[in-house]
>>> print(open('final_8.txt').read())   # compact mmCIF, C-alpha atoms
# COMPACT_ATOMS: atom_id res chain seq x y z
CA MET A 1 0.00 0.00 0.00
CA GLN A 2 1.39 3.40 -0.99
CA SER A 3 -1.08 5.60 0.88
CA TYR A 4 -0.62 6.46 4.55
CA LEU A 5 -2.58 8.35 7.20
CA ILE A 6 -0.63 9.75 10.15
CA VAL A 7 -2.78 10.51 13.20
CA GLY A 8 -2.14 11.53 16.79
CA GLY A 9 0.59 13.75 18.22
CA ALA A 10 0.84 17.45 17.43
CA LYS A 11 0.58 18.91 13.93
CA GLU A 12 4.33 19.57 13.80
CA GLU A 13 5.07 15.99 14.87
CA ARG A 14 2.82 14.58 12.15
CA PHE A 15 4.50 16.70 9.50
CA LYS A 16 7.96 15.73 10.77
CA LYS A 17 6.99 12.05 10.52
CA ALA A 18 5.77 12.57 6.94
CA LEU A 19 9.09 14.18 5.97
CA GLN A 20 11.02 11.35 7.62
CA MET A 21 9.09 8.89 5.48
CA ALA A 22 9.87 10.93 2.37
CA ASN A 23 13.56 10.89 3.28
CA LYS A 24 13.41 7.12 3.71
CA TRP A 25 12.40 6.82 0.08
CA GLN A 26 15.11 9.34 -0.85
CA ILE A 27 12.63 11.64 -2.54
CA GLU A 28 14.15 14.94 -3.66
CA ASN A 29 12.42 18.27 -2.97
CA LEU A 30 11.34 18.68 -6.61
CA ASP A 31 9.32 15.48 -6.29
CA LYS A 32 7.64 16.45 -3.00
CA ILE A 33 4.19 18.01 -3.24
CA ILE A 34 3.02 19.53 0.05
CA LEU A 35 -0.64 20.54 0.17
CA GLU A 36 -1.77 22.69 3.08
CA ALA A 37 -4.52 25.24 3.58
CA GLU A 38 -5.57 27.77 6.18
CA ASN A 39 -9.30 27.13 5.96
CA SER A 40 -10.28 24.17 3.79
CA ILE A 41 -9.03 21.95 0.98
CA GLY A 42 -11.52 21.89 -1.86
CA ILE A 43 -12.06 20.09 -5.16
CA ASP A 44 -9.92 22.54 -7.15
CA ASP A 45 -7.00 21.89 -4.79
CA ILE A 46 -7.42 18.15 -5.28
CA ARG A 47 -7.65 18.43 -9.06
CA ASN A 48 -4.45 20.46 -9.12
CA LEU A 49 -2.78 17.84 -6.93
CA GLN A 50 -4.00 15.04 -9.20
CA HIS A 51 -2.50 16.82 -12.20
CA GLN A 52 0.86 17.19 -10.46
CA LEU A 53 0.84 13.51 -9.50
CA SER A 54 0.15 12.52 -13.12
CA LEU A 55 3.53 13.97 -14.14
CA LYS A 56 6.67 11.82 -14.01
CA PRO A 57 9.14 12.33 -11.15
CA TYR A 58 11.93 14.81 -11.90
CA SER A 59 14.90 13.18 -10.21
CA SER A 60 13.59 10.57 -7.77
CA SER A 61 12.17 7.10 -8.17
CA TYR A 62 8.91 8.29 -6.60
CA LYS A 63 6.74 11.37 -6.28
CA ILE A 64 5.25 12.01 -2.88
CA ALA A 65 2.18 14.05 -1.92
CA ILE A 66 1.83 15.20 1.69
CA LEU A 67 -1.52 16.63 2.83
CA THR A 68 -0.53 18.25 6.10
CA SER A 69 -4.09 18.90 7.32
CA ALA A 70 -6.29 16.24 5.74
CA GLU A 71 -9.00 17.06 8.29
CA LYS A 72 -9.61 20.25 6.26
CA LEU A 73 -10.64 18.29 3.17
CA THR A 74 -14.24 19.08 2.29
CA ILE A 75 -16.52 16.10 1.72
CA PRO A 76 -16.66 16.72 -2.05
CA ALA A 77 -12.85 16.98 -2.08
CA GLN A 78 -12.55 13.68 -0.20
CA ASN A 79 -14.83 12.00 -2.71
CA ALA A 80 -12.79 13.46 -5.57
CA PHE A 81 -9.56 12.27 -3.95
CA LEU A 82 -10.90 8.77 -3.39
CA LYS A 83 -10.18 7.64 -6.97
CA THR A 84 -6.55 8.72 -6.60
CA LEU A 85 -6.25 6.59 -3.46
CA GLU A 86 -7.94 3.67 -5.19
CA GLU A 87 -5.77 3.89 -8.30
CA PRO A 88 -2.70 6.02 -7.48
CA PRO A 89 -0.42 6.97 -10.38
CA GLN A 90 2.61 4.73 -10.76
CA ASN A 91 5.55 5.47 -8.45
CA THR A 92 3.42 7.70 -6.23
CA ILE A 93 3.29 7.81 -2.44
CA ILE A 94 0.50 9.68 -0.65
CA ILE A 95 0.66 10.72 3.00
CA LEU A 96 -2.23 12.38 4.80
CA THR A 97 -1.94 13.77 8.31
CA SER A 98 -4.82 14.50 10.68
CA PRO A 99 -5.36 14.85 14.45
CA GLY A 100 -7.55 11.73 14.23
CA PRO A 101 -9.29 9.54 11.67
CA ASP A 102 -12.76 10.81 12.66
CA PHE A 103 -12.44 13.83 10.37
CA LEU A 104 -12.22 11.65 7.24
CA LEU A 105 -14.66 9.43 5.38
CA PRO A 106 -14.39 5.69 6.15
CA THR A 107 -13.70 5.07 2.45
CA ILE A 108 -10.60 7.32 2.68
CA ILE A 109 -9.39 5.67 5.89
CA SER A 110 -9.83 2.15 4.52
CA ARG A 111 -7.42 2.89 1.67
CA CYS A 112 -4.62 4.13 3.89
CA GLN A 113 -2.17 2.43 6.19
CA ILE A 114 -2.65 4.18 9.52
CA ILE A 115 0.39 5.34 11.48
CA ARG A 116 -0.45 6.44 15.02
CA LEU A 117 1.75 8.85 16.93
CA PRO A 118 1.51 9.02 20.72
CA ASN A 119 -0.64 11.84 22.00
CA LYS A 120 0.83 14.33 24.42
CA PRO A 121 0.70 13.26 28.08
CA GLN A 122 -2.33 14.53 29.95
CA ILE A 123 -1.58 17.75 31.80
CA LYS A 124 -1.70 17.73 35.60
CA LEU A 125 -3.23 20.31 37.89
CA SER A 126 -1.71 21.38 41.17
CA GLN A 127 -4.11 22.06 44.04
CA GLU A 128 -3.58 25.78 43.47
CA GLU A 129 -4.57 25.39 39.81
CA ARG A 130 -7.41 22.99 40.55
CA THR A 131 -9.40 25.36 42.79
CA PRO A 132 -10.24 28.02 40.15
CA VAL A 133 -10.96 25.33 37.54
CA THR A 134 -13.42 23.61 39.88
CA ARG A 135 -15.06 26.92 40.81
CA LEU A 136 -15.41 27.83 37.13
CA LEU A 137 -17.14 24.54 36.40
CA ALA A 138 -19.50 25.09 39.34
CA SER A 139 -20.40 28.47 37.83
CA ILE A 140 -20.95 27.01 34.37
CA LEU A 141 -23.33 24.38 35.74
CA LYS A 142 -25.56 27.17 37.09
CA MET A 143 -25.43 29.36 33.96
CA GLY A 144 -28.21 29.81 31.46
CA VAL A 145 -27.78 29.67 27.69
CA GLY A 146 -27.00 33.37 27.28
CA GLU A 147 -24.34 33.37 30.00
CA ARG A 148 -22.69 30.26 28.53
CA ILE A 149 -22.52 31.77 25.05
CA LYS A 150 -20.99 34.95 26.51
CA MET A 151 -18.37 32.89 28.36
CA ALA A 152 -17.64 30.84 25.22
CA ASN A 153 -16.95 34.06 23.31
CA GLU A 154 -14.50 35.18 26.00
CA ILE A 155 -12.64 31.85 26.08
CA ALA A 156 -12.53 31.64 22.26
CA LYS A 157 -10.65 34.92 21.88
CA ASN A 158 -7.41 32.96 22.30
CA ARG A 159 -7.19 29.48 20.74
CA GLN A 160 -4.39 28.32 23.04
CA GLU A 161 -6.28 29.46 26.12
CA ALA A 162 -9.34 27.61 24.84
CA ILE A 163 -7.24 24.45 24.50
CA LYS A 164 -5.91 24.88 28.06
CA PHE A 165 -9.48 25.37 29.31
CA CYS A 166 -10.56 22.11 27.69
CA GLN A 167 -7.54 20.19 28.99
CA ALA A 168 -8.17 21.38 32.54
CA GLN A 169 -11.89 20.62 32.37
CA LEU A 170 -11.09 17.16 31.01
CA ILE A 171 -9.19 16.34 34.20
CA ILE A 172 -12.03 17.53 36.43
CA TRP A 173 -14.69 15.62 34.48
CA ARG A 174 -12.64 12.43 34.53
CA GLU A 175 -12.44 12.73 38.31
CA LYS A 176 -16.20 13.35 38.46
CA THR A 177 -16.73 10.14 36.48
CA MET A 178 -14.66 8.13 38.96
CA LYS A 179 -16.59 9.59 41.90
CA ALA A 180 -20.05 9.39 40.30
CA SER A 181 -22.65 7.98 42.69
CA SER A 182 -24.80 6.35 40.03
CA ILE A 183 -24.60 4.89 36.53
CA ASN A 184 -26.68 7.78 35.19
CA HIS A 185 -24.30 10.38 36.64
CA GLN A 186 -21.36 8.41 35.29
CA ALA A 187 -22.90 8.24 31.80
CA SER A 188 -23.58 11.98 31.90
CA SER A 189 -19.94 12.71 32.77
CA VAL A 190 -18.67 10.38 30.03
CA LYS A 191 -20.83 12.24 27.51
CA VAL A 192 -19.25 15.55 28.52
CA ILE A 193 -15.75 14.02 28.36
CA ARG A 194 -16.36 12.90 24.79
CA GLN A 195 -17.56 16.38 23.85
CA ILE A 196 -14.45 17.95 25.39
CA GLN A 197 -12.22 15.54 23.45
CA LYS A 198 -14.10 16.38 20.26
CA THR A 199 -13.68 20.10 20.98
CA LEU A 200 -9.92 19.69 21.47
CA LYS A 201 -9.66 18.01 18.06
CA MET A 202 -11.70 20.80 16.50
CA LEU A 203 -9.50 23.48 18.05
CA GLU A 204 -6.35 21.78 16.78
CA ALA A 205 -7.94 21.44 13.35
CA ASN A 206 -8.44 25.23 13.22
CA VAL A 207 -12.21 24.99 13.39
CA ASN A 208 -13.80 28.30 14.44
CA PRO A 209 -12.97 28.42 18.20
CA LYS A 210 -16.10 30.45 19.01
CA LEU A 211 -18.34 27.78 17.48
CA ALA A 212 -16.37 24.94 19.13
CA MET A 213 -16.57 26.51 22.60
CA GLU A 214 -20.26 27.38 22.26
CA ASN A 215 -21.06 23.77 21.35
CA LEU A 216 -19.04 22.55 24.32
CA LEU A 217 -20.47 24.84 26.98
CA LEU A 218 -24.03 24.32 25.78
CA SER A 219 -23.54 20.54 25.97
CA ILE A 220 -22.64 20.62 29.68
CA PRO A 221 -25.71 19.68 31.74
CA SER A 222 -27.19 22.20 34.17
CA LYS A 223 -26.93 21.56 37.88
>>> encode(input="final_8.txt", output="C-alpha cells")
Amino acid sequence: MQSYLIVGGAKEERFKKALQMANKWQIENLDKIILEAENSIGIDDIRNLQHQLSLKPYSSSYKIAILTSAEKLTIPAQNAFLKTLEEPPQNTIIILTSPGPDFLLPTIISRCQIIRLPNKPQIKLSQEERTPVTRLLASILKMGVGERIKMANEIAKNRQEAIKFCQAQLIIWREKTMKASSINHQASSVKVIRQIQKTLKMLEANVNPKLAMENLLLSIPSK
C-alpha cells in the first residue's frame, strides 16, 4: 500500500513524521508536493494535486504528496480524492496527516495504512490550579444559555487558552466520572468528556474556536 494516514501527536510531529518517510524513500524536494490550507481543501486543490501527480518524477524514483491537514478536506474533495487513493499513479506515495481519523470518510481511511503517533501526556493540575478550575465549572453548571454563550466568546478569543481550558476541564470531568454515585451520573460525565475531546480536536484542526466553545459549553448539563 502506498497511501498512509498519520494521526495523533501534534501537527508539527505529524509533518515531521511525513518528511522522515519521504527521506526514507530518498525523494528529492522537486518530487515532494506539500498541500496545506488555512481554511479548507476543496475540489480545485485536489484536481491540481491530481494533475501534479500525473507527471513523471523529476529526479527521484517516486513522487510524494503530503496533505498536512487532511482534516480540512471538504466532503466533495474527499470524494474526488478517493479515486486517486484507489488507483494512485505509478511510483506515487501519498501521505495524509490529521489529528484523528474521525475527520475523514471511512472510504478514505480504509485505503490508507494508519500510522499512530503518541498523543501528548495529559496535563496535571496542582491544588492551586485545581481550585479556580473547579469553581469555574460550578459556575458554568448554574449558567443559562446566554451566559454560557458569553463565556464561550470570551474563552474563544485565544485558541491556546481555549485548548488549556478544555484540557483542565477534562481532568475535572474524569475525576467526576470516577466519583459518580450512580450509573446515570457516570454516563452523563462520560458524555461531557467525549464532547471535550471532540472540541480539542476541532481546536487543533483550526475549526472556528467560538463555534467549538459554544457547542461545548451548551452541551454541559445544568446543575
>>> residues_around(input="final_8.txt", residues="segment 213-220 of chain A", least_positions_apart="6", cutoff="8 Å", atoms="only C-alpha atoms", output="number ranges by chain")
A: 140-141, 145, 148-149, 152-153, 155-156, 162, 192, 195-196, 199
>>> write_last_selection(input="final_8.txt", atoms="C-alpha atoms", output="PDB file, in the coordinates of the input")
ATOM      1  CA  ILE A 140     -20.950  27.010  34.370  1.00  0.00           C
ATOM      2  CA  LEU A 141     -23.330  24.380  35.740  1.00  0.00           C
ATOM      3  CA  VAL A 145     -27.780  29.670  27.690  1.00  0.00           C
ATOM      4  CA  ARG A 148     -22.690  30.260  28.530  1.00  0.00           C
ATOM      5  CA  ILE A 149     -22.520  31.770  25.050  1.00  0.00           C
ATOM      6  CA  ALA A 152     -17.640  30.840  25.220  1.00  0.00           C
ATOM      7  CA  ASN A 153     -16.950  34.060  23.310  1.00  0.00           C
ATOM      8  CA  ILE A 155     -12.640  31.850  26.080  1.00  0.00           C
ATOM      9  CA  ALA A 156     -12.530  31.640  22.260  1.00  0.00           C
ATOM     10  CA  ALA A 162      -9.340  27.610  24.840  1.00  0.00           C
ATOM     11  CA  VAL A 192     -19.250  15.550  28.520  1.00  0.00           C
ATOM     12  CA  GLN A 195     -17.560  16.380  23.850  1.00  0.00           C
ATOM     13  CA  ILE A 196     -14.450  17.950  25.390  1.00  0.00           C
ATOM     14  CA  THR A 199     -13.680  20.100  20.980  1.00  0.00           C
TER      15      THR A 199
END
>>> residues_around(input="final_8.txt", residues="Ile95 of chain A", least_positions_apart="5", cutoff="10 Å", atoms="only C-alpha atoms", output="PyMOL selection string")
chain A and resi 2-6+15+17-19+21-22+34+64-68+70+112-114
>>> write_last_selection(input="final_8.txt", atoms="C-alpha atoms", output="mmCIF file, in the frame of the given file")
data_model
loop_
_atom_site.group_PDB
_atom_site.id
_atom_site.type_symbol
_atom_site.label_atom_id
_atom_site.label_comp_id
_atom_site.auth_asym_id
_atom_site.auth_seq_id
_atom_site.Cartn_x
_atom_site.Cartn_y
_atom_site.Cartn_z
ATOM 1 C CA GLN A 2 1.390 3.400 -0.990
ATOM 2 C CA SER A 3 -1.080 5.600 0.880
ATOM 3 C CA TYR A 4 -0.620 6.460 4.550
ATOM 4 C CA LEU A 5 -2.580 8.350 7.200
ATOM 5 C CA ILE A 6 -0.630 9.750 10.150
ATOM 6 C CA PHE A 15 4.500 16.700 9.500
ATOM 7 C CA LYS A 17 6.990 12.050 10.520
ATOM 8 C CA ALA A 18 5.770 12.570 6.940
ATOM 9 C CA LEU A 19 9.090 14.180 5.970
ATOM 10 C CA MET A 21 9.090 8.890 5.480
ATOM 11 C CA ALA A 22 9.870 10.930 2.370
ATOM 12 C CA ILE A 34 3.020 19.530 0.050
ATOM 13 C CA ILE A 64 5.250 12.010 -2.880
ATOM 14 C CA ALA A 65 2.180 14.050 -1.920
ATOM 15 C CA ILE A 66 1.830 15.200 1.690
ATOM 16 C CA LEU A 67 -1.520 16.630 2.830
ATOM 17 C CA THR A 68 -0.530 18.250 6.100
ATOM 18 C CA ALA A 70 -6.290 16.240 5.740
ATOM 19 C CA CYS A 112 -4.620 4.130 3.890
ATOM 20 C CA GLN A 113 -2.170 2.430 6.190
ATOM 21 C CA ILE A 114 -2.650 4.180 9.520
#
>>> residues_around(input="final_8.txt", residues="segment 170-179 of chain A", least_positions_apart="5", cutoff="9 Å", atoms="only C-alpha atoms", output="compact mmCIF listing (two decimals) with C-alpha atoms, keeping the file's coordinate frame")
# COMPACT_ATOMS: atom_id res chain seq x y z
CA GLN A 122 -2.33 14.53 29.95
CA ILE A 123 -1.58 17.75 31.80
CA LYS A 124 -1.70 17.73 35.60
CA LEU A 125 -3.23 20.31 37.89
CA ARG A 130 -7.41 22.99 40.55
CA VAL A 133 -10.96 25.33 37.54
CA THR A 134 -13.42 23.61 39.88
CA LEU A 137 -17.14 24.54 36.40
CA PHE A 165 -9.48 25.37 29.31
CA HIS A 185 -24.30 10.38 36.64
CA GLN A 186 -21.36 8.41 35.29
CA ALA A 187 -22.90 8.24 31.80
CA SER A 188 -23.58 11.98 31.90
CA SER A 189 -19.94 12.71 32.77
CA VAL A 190 -18.67 10.38 30.03
CA VAL A 192 -19.25 15.55 28.52
CA ILE A 193 -15.75 14.02 28.36
CA ILE A 196 -14.45 17.95 25.39
CA GLN A 197 -12.22 15.54 23.45
>>> atom_distance(input="final_8.txt", atom1="atom CA of Arg14 of chain A", atom2="atom CA of Glu204 of chain A")
12.5 Å
>>> residues_around(input="final_8.txt", residues="Lys142 of chain A", least_positions_apart="2", cutoff="7 Å", atoms="all atoms listed in the file", output="MDAnalysis selection string")
chainID A and resid 138:140 144 222:223
>>> closest_residue(input="final_8.txt", among="A:Leu211, A:Ala180, A:Leu136, A:Leu117", to="Ala10 of chain A", atoms="only C-alpha atoms")
A:Leu117
>>> residues_around(input="final_8.txt", residues="Val7 of chain A", least_positions_apart="6", cutoff="6 Å", atoms="all atoms listed in the file", output="mmCIF file with C-alpha atoms, in the coordinates of the input")
data_model
loop_
_atom_site.group_PDB
_atom_site.id
_atom_site.type_symbol
_atom_site.label_atom_id
_atom_site.label_comp_id
_atom_site.auth_asym_id
_atom_site.auth_seq_id
_atom_site.Cartn_x
_atom_site.Cartn_y
_atom_site.Cartn_z
ATOM 1 C CA THR A 97 -1.940 13.770 8.310
ATOM 2 C CA SER A 98 -4.820 14.500 10.680
ATOM 3 C CA PRO A 99 -5.360 14.850 14.450
ATOM 4 C CA GLY A 100 -7.550 11.730 14.230
ATOM 5 C CA ARG A 116 -0.450 6.440 15.020
#
>>> atom_distance(input="final_8.txt", atom1="atom CA of Glu147 of chain A", atom2="atom CA of Ser182 of chain A")
28.8 Å
>>> closest_residue(input="final_8.txt", among="A:Leu203, A:Leu104, A:Ala80, A:Ile183", to="Asn158 of chain A", atoms="only C-alpha atoms")
A:Leu203
>>> atom_distance(input="final_8.txt", atom1="atom CA of Gln50 of chain A", atom2="atom CA of Pro101 of chain A")
22.2 Å
>>> axis_aligned_box(input="final_8.txt", around="segment 44-53 of chain A", padding_each_side="3 Å", output="AutoDock Vina command-line options")
--center_x -4.5 --center_y 18.0 --center_z -8.5 --size_x 16.8 --size_y 15.0 --size_z 13.4
